[in-house]
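Student: Here you go, one structure.
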Number of protein chains: 2
Amino acid sequence: MNEFQPPGRLVTLTDVAREAGVGESTVSRVLRNHGSSSKRARERVAEAVARLGYVPNRLAGSLAGGGAGPGLVGVVIPSFANIVFPDLLRGLTTALEGTGMQSVVGVSEYDPEREEALVAALLSWRPEALLLTGLEHTQGTVALARAAGVRVVEMIDTDGEGIDSVVGFSNREAGAASARHLLARGYRRIGYIGLDSEVDLRAGKRLAAFEGVLAEAGLALEGREIRPGRSSAASGRAGFEALLARHPRLDAVYFSNDDMALGGWFACLAAGLAVPGRIALFGFNGLDFTEAMPQPLSTVRTPRLEIGRAAAACLTGKTPQTIDLGFALIEGATA
Amino acid sequence: MNEFQPPGRLVTLTDVAREAGVGESTVSRVLRNHGSSSKRARERVAEAVARLGYVPNRLAGSLAGGGAGPGLVGVVIPSFANIVFPDLLRGLTTALEGTGMQSVVGVSEYDPEREEALVAALLSWRPEALLLTGLEHTQGTVALARAAGVRVVEMIDTDGEGIDSVVGFSNREAGAASARHLLARGYRRIGYIGLDSEVDLRAGKRLAAFEGVLAEAGLALEGREIRPGRSSAASGRAGFEALLARHPRLDAVYFSNDDMALGGWFACLAAGLAVPGRIALFGFNGLDFTEAMPQPLSTVRTPRLEIGRAAAACLTGKTPQTIDLGFALIEGATA
DNA sequence: TCTCTCTTTGGCAGCGCTGCCAATTGTGTT
DNA sequence: AACACAATTGGCAGCGCTGCCAAAGAGAGA
């Protein structure tokens, strides 16, 4: 590498051209392997690049080429604190690997206004595509996304109208399936533990559908505990203990998330409550640990990695797509 | 928003200038709130921007301004699968919020070569700074990072020489402290369960220091189980069962990660082994769930969020820094 | 040897923006 | 009313690269 660069001025393509004794366009062509070039030119350029330690400037490249070549993908997720979203990114990154695209990530903290600001900020980097979470956005977000003229993929939820492409599963159906499962197992005095539905809209949809099924059976939630902050085992445990203190006769609890359910299970263990004999537990997401539990958690497995991967596939697609990847009800041993 | 844009041509600053009836430089100045401008100019520009739905092109802006204004930050993590790294990103993103900087994330899958390729790719977007994980990199990575002329922050590990800035804690000391704790509690027949140390180098350092302390006490690991794939409760449980089958007389197990330890605890529960009476469990990371367990897990809490936050602070710093954020040994109830 | 075609090459405009500078306008002073 | 001075403004070069095009070189065939 060249250690004699005056700091502040990086090696440019022009430097490489001079060093290699060829024209700029030749260097450009060789580097992008685009158009024809002689073997000799390719060698000289490669040498010069290595000698100078040239790193192309994609800002300039994308600007000049009108976004030619693989570029950036803007991604907005609500949070890093819920494992769901890293899982999404994991699937996405895996699938993006090899395309040369890089993701620029923004975190909205479940705030639609912040999401809008992030979308504007991300679009200013002229990404090739925009990935959002959920279907609910501000008008401004929708307008920005539409006007950007790039593929937009909304992930996770399929219950509603998308801007462009949608990849996910039906949260409503997942909630309904959970309720049907509990009813089929004979549970009637059911409680719910989750976060604010105004914040986690998908959990809100599941809960609404869950309650809908209960209502059809002439039942209602016997109690509910809405927890502040993020989803965690500690919060689930505290919520469970509080809920059970208020409603001692509950025979099942539906959690918004497996993390929370794990906390509930810990609480049962600590209090010596038989699961599911005394009380049944039902989670959501199908996180890894659930199957390792002495009694596997009854839950709904969501295709998080697959959503990320499918979203990546959508990005490059020519036409908008709507993909429902479904979910799987895991019977487990806790409900 | 303007719905009449011929697709493919986005609104430019020149369009805004024309619409507002002012010069381009005026628009530029107003938008960046840089230099002086009259109230009238500001209003007209704001109107035009709103009317046209203008989104600035930062590719052009950064190119022209020599990287002026808040830009991109390149981040390379080994994986999204280990909660540690999303936690890092969470801290980072939180701290970056409001600076206007956006992070471009690459995942190396613990492969140094891939890390090098990612660094090259990220640098081509001319980020303001580069965040790497750990201190071990290929020569090429180091050369690229050095030549880039930007702040480089290596996160998590402080056991060694950094390229520029370093934020983390001593993995060696964490391993040593864990061993001292187990020895002090009287455990002598100790096993280890973790992933390949060649892959997770930090875990390797912890284990080496752990074994070093045992050696000083005239002891050695009685057995070890190296698991393929990623860290998970399921893997921890399977590893624990396998290890205990081979070494039935173990009285304590040190896990490379709390996830794995949770799996071990599940195994004990399923097999009816008293913890820590029959066998003690010791984890690493201090993940959220550990404190919600009926017996809180004995572990070492690592300052993951804080590392992310401190790294963000380093980015903007004028001089390289080395920050050791330490760790906390959590006595818990399993060892 | 000469022409015709195909390959390879370099020059240069321009992507959208910012920095610089000179020109213009407005304000306060005597 | 004429002046100095500050605030505001627009034109234009140029950031590093790519696309286009015309020019030059290399073969191939007559």
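Chain labels follow the order of the structure tokens: the first chain is A, the next B, and so on; residue numbering restarts at 1 in every chain, and ligands are counted from 1 in their shown order.
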Could you make a table, as a Markdown table, of the residues of chain B that have an atom within 7 Å of an atom of chain A, each with its nearest atom pair and distance in Å to one decimal, counting only C-alpha atoms, in chain and number order?
Tutor:
| residue | atom | partner | partner_atom | distance |
| --- | --- | --- | --- | --- |
| B:Met1 | CA | A:Ala143 | CA | 6.8 |
| B:Pro7 | CA | A:Gly149 | CA | 6.7 |
| B:Val55 | CA | A:Ser124 | CA | 5.9 |
| B:Pro56 | CA | A:Ser124 | CA | 5.4 |
| B:Asn57 | CA | A:Ser124 | CA | 4.9 |
| B:Arg58 | CA | A:Trp125 | CA | 5.3 |
| B:Leu59 | CA | A:Leu59 | CA | 5.0 |
| B:Ala60 | CA | A:Leu63 | CA | 6.4 |
| B:Leu63 | CA | A:Leu59 | CA | 6.3 |
| B:Phe80 | CA | A:Arg90 | CA | 5.6 |
| B:Pro86 | CA | A:Phe80 | CA | 5.9 |
| B:Asp87 | CA | A:Phe80 | CA | 7.0 |
| B:Arg90 | CA | A:Phe80 | CA | 5.6 |
| B:Gln102 | CA | A:Val104 | CA | 6.7 |
| B:Ser103 | CA | A:Val104 | CA | 5.6 |
| B:Val104 | CA | A:Val104 | CA | 4.3 |
| B:Val105 | CA | A:Ser103 | CA | 6.0 |
| B:Gly106 | CA | A:Gln102 | CA | 7.0 |
| B:Ala120 | CA | A:Val55 | CA | 7.0 |
| B:Ser124 | CA | A:Asn57 | CA | 4.9 |
| B:Trp125 | CA | A:Arg58 | CA | 5.3 |
| B:Arg126 | CA | A:Asn57 | CA | 6.7 |
| B:Ala143 | CA | A:Met1 | CA | 6.8 |
| B:Gly149 | CA | A:Pro7 | CA | 6.6 |
| B:Ser232 | CA | A:Asp288 | CA | 6.8 |
| B:Ala233 | CA | A:Phe289 | CA | 5.1 |
| B:Ala234 | CA | A:Ala292 | CA | 4.7 |
| B:Arg237 | CA | A:Ala292 | CA | 6.8 |
| B:Gly263 | CA | A:Ala292 | CA | 6.3 |
| B:Phe266 | CA | A:Met293 | CA | 5.7 |
| B:Leu269 | CA | A:Pro294 | CA | 6.8 |
| B:Ala270 | CA | A:Pro294 | CA | 5.2 |
| B:Asp288 | CA | A:Ser232 | CA | 6.8 |
| B:Phe289 | CA | A:Ala233 | CA | 5.1 |
| B:Glu291 | CA | A:Ala234 | CA | 6.9 |
| B:Ala292 | CA | A:Ala234 | CA | 4.7 |
| B:Met293 | CA | A:Phe266 | CA | 5.7 |
| B:Pro294 | CA | A:Ala270 | CA | 5.2 |
Student: Residues of chain D that approach chain A to 9 Å or less, counting only C-alpha atoms (C1' of nucleotides): could you list each one with the shortest pair of atoms and its distance in Å to one decimal, rows by chain and increasing residue number, as JSON lines?
Tutor:
{"residue": "D:DC15", "atom": "C1'", "partner": "A:Ala60", "partner_atom": "CA", "distance": 8.1}
{"residue": "D:DG16", "atom": "C1'", "partner": "A:Ala60", "partner_atom": "CA", "distance": 5.0}
{"residue": "D:DC17", "atom": "C1'", "partner": "A:Gly61", "partner_atom": "CA", "distance": 4.7}
{"residue": "D:DT18", "atom": "C1'", "partner": "A:Gly65", "partner_atom": "CA", "distance": 5.1}
{"residue": "D:DG19", "atom": "C1'", "partner": "A:Gly65", "partner_atom": "CA", "distance": 7.6}
Student: Next, write the just-selected residues to a file, as a PDB file, in the first residue's frame, keeping N, CA and C atoms (P, O5', C5', C4', C3', O3' and C1' of nucleotides) as the atom set.
Tutor:
ATOM      1  P    DC D  15     -11.420  18.463  -8.953  1.00  0.00           P
ATOM      2  O5'  DC D  15     -12.008  17.498  -7.858  1.00  0.00           O
ATOM      3  C5'  DC D  15     -12.276  17.907  -6.533  1.00  0.00           C
ATOM      4  C4'  DC D  15     -13.393  17.056  -5.986  1.00  0.00           C
ATOM      5  C3'  DC D  15     -13.351  15.625  -6.502  1.00  0.00           C
ATOM      6  O3'  DC D  15     -12.679  14.808  -5.549  1.00  0.00           O
ATOM      7  C1'  DC D  15     -15.587  16.564  -6.598  1.00  0.00           C
ATOM      8  P    DG D  16     -11.399  13.927  -6.048  1.00  0.00           P
ATOM      9  O5'  DG D  16     -12.086  12.671  -6.733  1.00  0.00           O
ATOM     10  C5'  DG D  16     -12.876  11.810  -5.958  1.00  0.00           C
ATOM     11  C4'  DG D  16     -13.642  10.888  -6.876  1.00  0.00           C
ATOM     12  C3'  DG D  16     -12.768  10.081  -7.839  1.00  0.00           C
ATOM     13  O3'  DG D  16     -13.167   8.723  -7.732  1.00  0.00           O
ATOM     14  C1'  DG D  16     -14.486  11.197  -9.013  1.00  0.00           C
ATOM     15  P    DC D  17     -12.568   7.582  -8.638  1.00  0.00           P
ATOM     16  O5'  DC D  17     -13.752   7.396  -9.680  1.00  0.00           O
ATOM     17  C5'  DC D  17     -14.984   6.856  -9.229  1.00  0.00           C
ATOM     18  C4'  DC D  17     -16.078   7.128 -10.227  1.00  0.00           C
ATOM     19  C3'  DC D  17     -15.977   6.342 -11.520  1.00  0.00           C
ATOM     20  O3'  DC D  17     -16.815   5.187 -11.409  1.00  0.00           O
ATOM     21  C1'  DC D  17     -16.619   8.638 -11.879  1.00  0.00           C
ATOM     22  P    DT D  18     -16.782   4.099 -12.589  1.00  0.00           P
ATOM     23  O5'  DT D  18     -17.843   4.679 -13.614  1.00  0.00           O
ATOM     24  C5'  DT D  18     -19.206   4.796 -13.214  1.00  0.00           C
ATOM     25  C4'  DT D  18     -20.026   5.350 -14.357  1.00  0.00           C
ATOM     26  C3'  DT D  18     -20.030   4.486 -15.616  1.00  0.00           C
ATOM     27  O3'  DT D  18     -21.361   4.458 -16.117  1.00  0.00           O
ATOM     28  C1'  DT D  18     -19.288   6.663 -16.144  1.00  0.00           C
ATOM     29  P    DG D  19     -21.794   3.396 -17.200  1.00  0.00           P
ATOM     30  O5'  DG D  19     -22.193   4.331 -18.421  1.00  0.00           O
ATOM     31  C5'  DG D  19     -23.157   5.361 -18.231  1.00  0.00           C
ATOM     32  C4'  DG D  19     -23.250   6.200 -19.496  1.00  0.00           C
ATOM     33  C3'  DG D  19     -23.281   5.371 -20.775  1.00  0.00           C
ATOM     34  O3'  DG D  19     -24.264   5.929 -21.653  1.00  0.00           O
ATOM     35  C1'  DG D  19     -21.403   6.856 -20.806  1.00  0.00           C
TER      36       DG D  19
END
Student: Select all residues from chain C having any atom no more than 12 Å from an atom of chain B (counting only C-alpha atoms (C1' of nucleotides), ignoring ligands), output as a list in words.
Tutor: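 My answer is DC15, DG16, DC17, DT18, DG19, DC20, DT25 and DG26 of chain C.
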Student: Quick one: write out the picked residues with N, CA, C and O atoms (P, O5', C5', C4', C3', O3' and C1' of nucleotides) as a CSV table (one decimal), in the first residue's frame?
Tutor:
chain,number,residue,atom,x,y,z
C,15,DC,P,-26.2,16.5,-16.3
C,15,DC,O5',-26.5,15.5,-15.1
C,15,DC,C5',-26.6,14.1,-15.4
C,15,DC,C4',-26.2,13.4,-14.1
C,15,DC,C3',-26.5,14.1,-12.9
C,15,DC,O3',-27.8,13.6,-12.3
C,15,DC,C1',-24.2,13.2,-12.9
C,16,DG,P,-29.0,14.7,-12.1
C,16,DG,O5',-28.5,15.3,-10.7
C,16,DG,C5',-28.5,14.5,-9.5
C,16,DG,C4',-27.8,15.2,-8.4
C,16,DG,C3',-28.4,16.5,-8.0
C,16,DG,O3',-28.6,16.6,-6.6
C,16,DG,C1',-26.1,16.8,-8.4
C,17,DC,P,-29.1,17.8,-5.8
C,17,DC,O5',-27.8,18.4,-5.2
C,17,DC,C5',-27.1,17.6,-4.3
C,17,DC,C4',-25.7,18.1,-4.1
C,17,DC,C3',-25.5,19.5,-3.5
C,17,DC,O3',-25.3,19.3,-2.1
C,17,DC,C1',-24.1,19.2,-5.3
C,18,DT,P,-25.2,20.6,-1.1
C,18,DT,O5',-23.7,21.1,-1.3
C,18,DT,C5',-22.7,20.2,-0.8
C,18,DT,C4',-21.3,20.9,-1.1
C,18,DT,C3',-21.1,22.2,-0.3
C,18,DT,O3',-19.8,22.2,0.2
C,18,DT,C1',-20.8,22.5,-2.6
C,19,DG,P,-19.4,23.2,1.3
C,19,DG,O5',-18.3,24.1,0.6
C,19,DG,C5',-17.1,23.4,0.0
C,19,DG,C4',-16.3,24.3,-0.7
C,19,DG,C3',-16.0,25.7,0.0
C,19,DG,O3',-14.7,26.0,-0.2
C,19,DG,C1',-17.1,26.1,-2.1
C,20,DC,P,-14.1,27.3,0.5
C,20,DC,O5',-14.0,28.3,-0.7
C,20,DC,C5',-13.3,27.8,-1.9
C,20,DC,C4',-13.5,28.9,-3.0
C,20,DC,C3',-13.3,30.3,-2.5
C,20,DC,O3',-12.3,30.9,-3.3
C,20,DC,C1',-15.3,30.1,-3.7
C,25,DT,P,-29.2,44.9,-7.5
C,25,DT,O5',-29.6,44.9,-6.0
C,25,DT,C5',-30.1,43.7,-5.3
C,25,DT,C4',-30.0,43.8,-3.8
C,25,DT,C3',-30.6,45.1,-3.3
C,25,DT,O3',-31.8,44.8,-2.5
C,25,DT,C1',-28.5,44.7,-2.3
C,26,DG,P,-32.7,45.9,-1.8
C,26,DG,O5',-32.0,46.0,-0.4
C,26,DG,C5',-32.0,44.9,0.5
C,26,DG,C4',-31.2,45.2,1.7
C,26,DG,C3',-31.8,46.4,2.5
C,26,DG,O3',-31.9,46.1,3.8
C,26,DG,C1',-29.5,46.7,2.1
Student: Please identify all polymer residues within 12 Å of Ala280 (chain A), counting only C-alpha atoms (C1' of nucleotides), omitting same-chain residues fewer than 5 positions from it, and present them as number ranges by chain.
Tutor: A: 181-183, 185-192, 240, 249-255, 261, 264-265, 268, 273-275, 295, 297-299, 331-335
Student: List the neighbours of Ala95 (chain B) out to 9 Å using only C-alpha atoms (C1' of nucleotides); skip same-chain residues closer than 6 positions along the sequence, and give me the result as a PDB file with N, CA and C atoms, in the first residue's frame.
Tutor:
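After the write, part-v9.pdb holds the following:
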ATOM      1  N   GLY B 308     -21.201   0.010  22.299  1.00  0.00           N
ATOM      2  CA  GLY B 308     -21.747   0.643  21.097  1.00  0.00           C
ATOM      3  C   GLY B 308     -21.803   2.152  21.247  1.00  0.00           C
ATOM      4  N   ARG B 309     -22.272   2.573  22.424  1.00  0.00           N
ATOM      5  CA  ARG B 309     -22.397   4.016  22.657  1.00  0.00           C
ATOM      6  C   ARG B 309     -21.037   4.699  22.679  1.00  0.00           C
ATOM      7  N   ALA B 310     -20.108   4.072  23.385  1.00  0.00           N
ATOM      8  CA  ALA B 310     -18.778   4.666  23.480  1.00  0.00           C
ATOM      9  C   ALA B 310     -18.105   4.690  22.107  1.00  0.00           C
ATOM     10  N   ALA B 311     -18.370   3.659  21.331  1.00  0.00           N
ATOM     11  CA  ALA B 311     -17.786   3.621  19.985  1.00  0.00           C
ATOM     12  C   ALA B 311     -18.304   4.800  19.169  1.00  0.00           C
ATOM     13  N   ALA B 312     -19.590   5.075  19.312  1.00  0.00           N
ATOM     14  CA  ALA B 312     -20.175   6.206  18.591  1.00  0.00           C
ATOM     15  C   ALA B 312     -19.506   7.508  19.024  1.00  0.00           C
ATOM     16  N   ALA B 313     -19.248   7.604  20.305  1.00  0.00           N
ATOM     17  CA  ALA B 313     -18.595   8.811  20.810  1.00  0.00           C
ATOM     18  C   ALA B 313     -17.183   8.929  20.239  1.00  0.00           C
TER      19      ALA B 313
END
Student: For region 4-13 of chain D, list every protein, DNA or RNA residue within 7 Å, evaluated using only C-alpha atoms (C1' of nucleotides), and leave out those in the same chain fewer than 2 positions away; present the list as a PDB file with C-alpha atoms, in the first residue's frame.
Tutor:
ATOM      1  CA  GLY B  23     -29.943  30.550  -7.365  1.00  0.00           C
ATOM      2  CA  SER B  25     -26.211  28.185  -4.104  1.00  0.00           C
ATOM      3  CA  THR B  26     -28.981  29.901  -2.220  1.00  0.00           C
ATOM      4  CA  SER B  36     -26.474  33.597   5.534  1.00  0.00           C
ATOM      5  CA  SER B  37     -29.812  33.776   3.813  1.00  0.00           C
ATOM      6  CA  SER B  38     -32.793  36.067   3.970  1.00  0.00           C
TER       7      SER B  38
END
Student: Which residues are close to DT30 (chain C), i.e. within 12 Å by only C-alpha atoms (C1' of nucleotides), leaving aside same-chain residues fewer than 5 positions away? Reply as a PDB file with N, CA and C atoms (P, O5', C5', C4', C3', O3' and C1' of nucleotides), in the first residue's frame.
Tutor:
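Saved the output as selection18.pdb:
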ATOM      1  P    DA D   1     -31.270  63.461  -2.204  1.00  0.00           P
ATOM      2  O5'  DA D   1     -29.738  63.670  -1.806  1.00  0.00           O
ATOM      3  C5'  DA D   1     -28.977  64.771  -2.292  1.00  0.00           C
ATOM      4  C4'  DA D   1     -27.529  64.405  -2.112  1.00  0.00           C
ATOM      5  C3'  DA D   1     -27.116  63.173  -2.915  1.00  0.00           C
ATOM      6  O3'  DA D   1     -25.798  63.388  -3.421  1.00  0.00           O
ATOM      7  C1'  DA D   1     -26.793  62.749  -0.602  1.00  0.00           C
ATOM      8  P    DA D   2     -25.231  62.381  -4.498  1.00  0.00           P
ATOM      9  O5'  DA D   2     -23.943  61.865  -3.727  1.00  0.00           O
ATOM     10  C5'  DA D   2     -23.086  62.803  -3.086  1.00  0.00           C
ATOM     11  C4'  DA D   2     -22.199  62.048  -2.127  1.00  0.00           C
ATOM     12  C3'  DA D   2     -21.595  60.782  -2.732  1.00  0.00           C
ATOM     13  O3'  DA D   2     -20.193  60.721  -2.433  1.00  0.00           O
ATOM     14  C1'  DA D   2     -22.726  60.249  -0.733  1.00  0.00           C
ATOM     15  P    DC D   3     -19.312  59.485  -3.014  1.00  0.00           P
ATOM     16  O5'  DC D   3     -19.023  58.581  -1.742  1.00  0.00           O
ATOM     17  C5'  DC D   3     -18.302  59.134  -0.628  1.00  0.00           C
ATOM     18  C4'  DC D   3     -18.473  58.222   0.567  1.00  0.00           C
ATOM     19  C3'  DC D   3     -18.051  56.772   0.317  1.00  0.00           C
ATOM     20  O3'  DC D   3     -16.689  56.601   0.736  1.00  0.00           O
ATOM     21  C1'  DC D   3     -20.071  56.930   1.607  1.00  0.00           C
ATOM     22  P    DA D   4     -16.013  55.163   0.449  1.00  0.00           P
ATOM     23  O5'  DA D   4     -16.285  54.392   1.810  1.00  0.00           O
ATOM     24  C5'  DA D   4     -15.941  55.003   3.064  1.00  0.00           C
ATOM     25  C4'  DA D   4     -16.468  54.136   4.193  1.00  0.00           C
ATOM     26  C3'  DA D   4     -15.944  52.688   4.164  1.00  0.00           C
ATOM     27  O3'  DA D   4     -15.662  52.275   5.495  1.00  0.00           O
ATOM     28  C1'  DA D   4     -18.309  52.670   4.019  1.00  0.00           C
TER      29       DA D   4
END
Student: Record the distance separating CA of Leu281 (chain B) and CA of Ile279 (chain A), expressed in Å with one decimal.
Tutor: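 Taking CA of Leu281 (chain B) as the start and CA of Ile279 (chain A) as the end point, the length is 28.6 Å.
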Student: Would you list, as a ChimeraX atom specification, the residues of region 47-218 of chain A that end up in alpha helix (DSSP H) under DSSP run on this structure's backbone?
Tutor: /A:47-52,58-65,84-96,112-123,139-147,171-184,201-216
Student: Where does DSSP see strand (DSSP E) in region 159-316 of chain A, if you list the residues as a list of chain:residue names?
Tutor: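 Written out, the strand (DSSP E) residues of region 159-316 of chain A are A:Ser165, A:Val166, A:Val167, A:Gly168, A:Phe169, A:Ile190, A:Gly191, A:Tyr192, A:Ile193, A:Gly194, A:Leu195, A:Gly223, A:Arg224, A:Glu225, A:Ile226, A:Arg227, A:Ala252, A:Val253, A:Tyr254, A:Phe255, A:Ala280, A:Leu281, A:Phe282, A:Thr299, A:Val300, A:Arg301.
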Student: Write out the residues from the selection above, keeping C-alpha atoms, as a compact mmCIF listing (two decimals), in the first residue's frame.
Tutor:
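Below is the file that was written, part.txt:
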# COMPACT_ATOMS: atom_id res chain seq x y z
CA SER A 165 -44.01 -5.41 -2.40
CA VAL A 166 -44.96 -7.22 0.79
CA VAL A 167 -43.33 -10.22 2.43
CA GLY A 168 -44.55 -11.73 5.65
CA PHE A 169 -47.38 -13.66 7.20
CA ILE A 190 -57.30 -16.86 29.52
CA GLY A 191 -55.05 -13.90 30.21
CA TYR A 192 -52.71 -11.86 28.00
CA ILE A 193 -49.33 -10.36 28.66
CA GLY A 194 -47.74 -8.04 26.16
CA LEU A 195 -46.57 -4.57 25.34
CA GLY A 223 -57.29 -10.32 32.34
CA ARG A 224 -54.44 -8.59 30.64
CA GLU A 225 -51.16 -7.08 31.67
CA ILE A 226 -49.63 -4.43 29.46
CA ARG A 227 -45.94 -4.06 30.18
CA ALA A 252 -53.82 -20.09 30.41
CA VAL A 253 -51.76 -17.09 29.45
CA TYR A 254 -51.07 -15.86 25.93
CA PHE A 255 -47.83 -13.91 25.61
CA ALA A 280 -50.87 -23.16 30.38
CA LEU A 281 -48.42 -20.85 28.57
CA PHE A 282 -48.49 -19.89 24.94
CA THR A 299 -45.92 -21.15 20.35
CA VAL A 300 -46.23 -19.99 16.78
CA ARG A 301 -43.08 -20.14 14.72
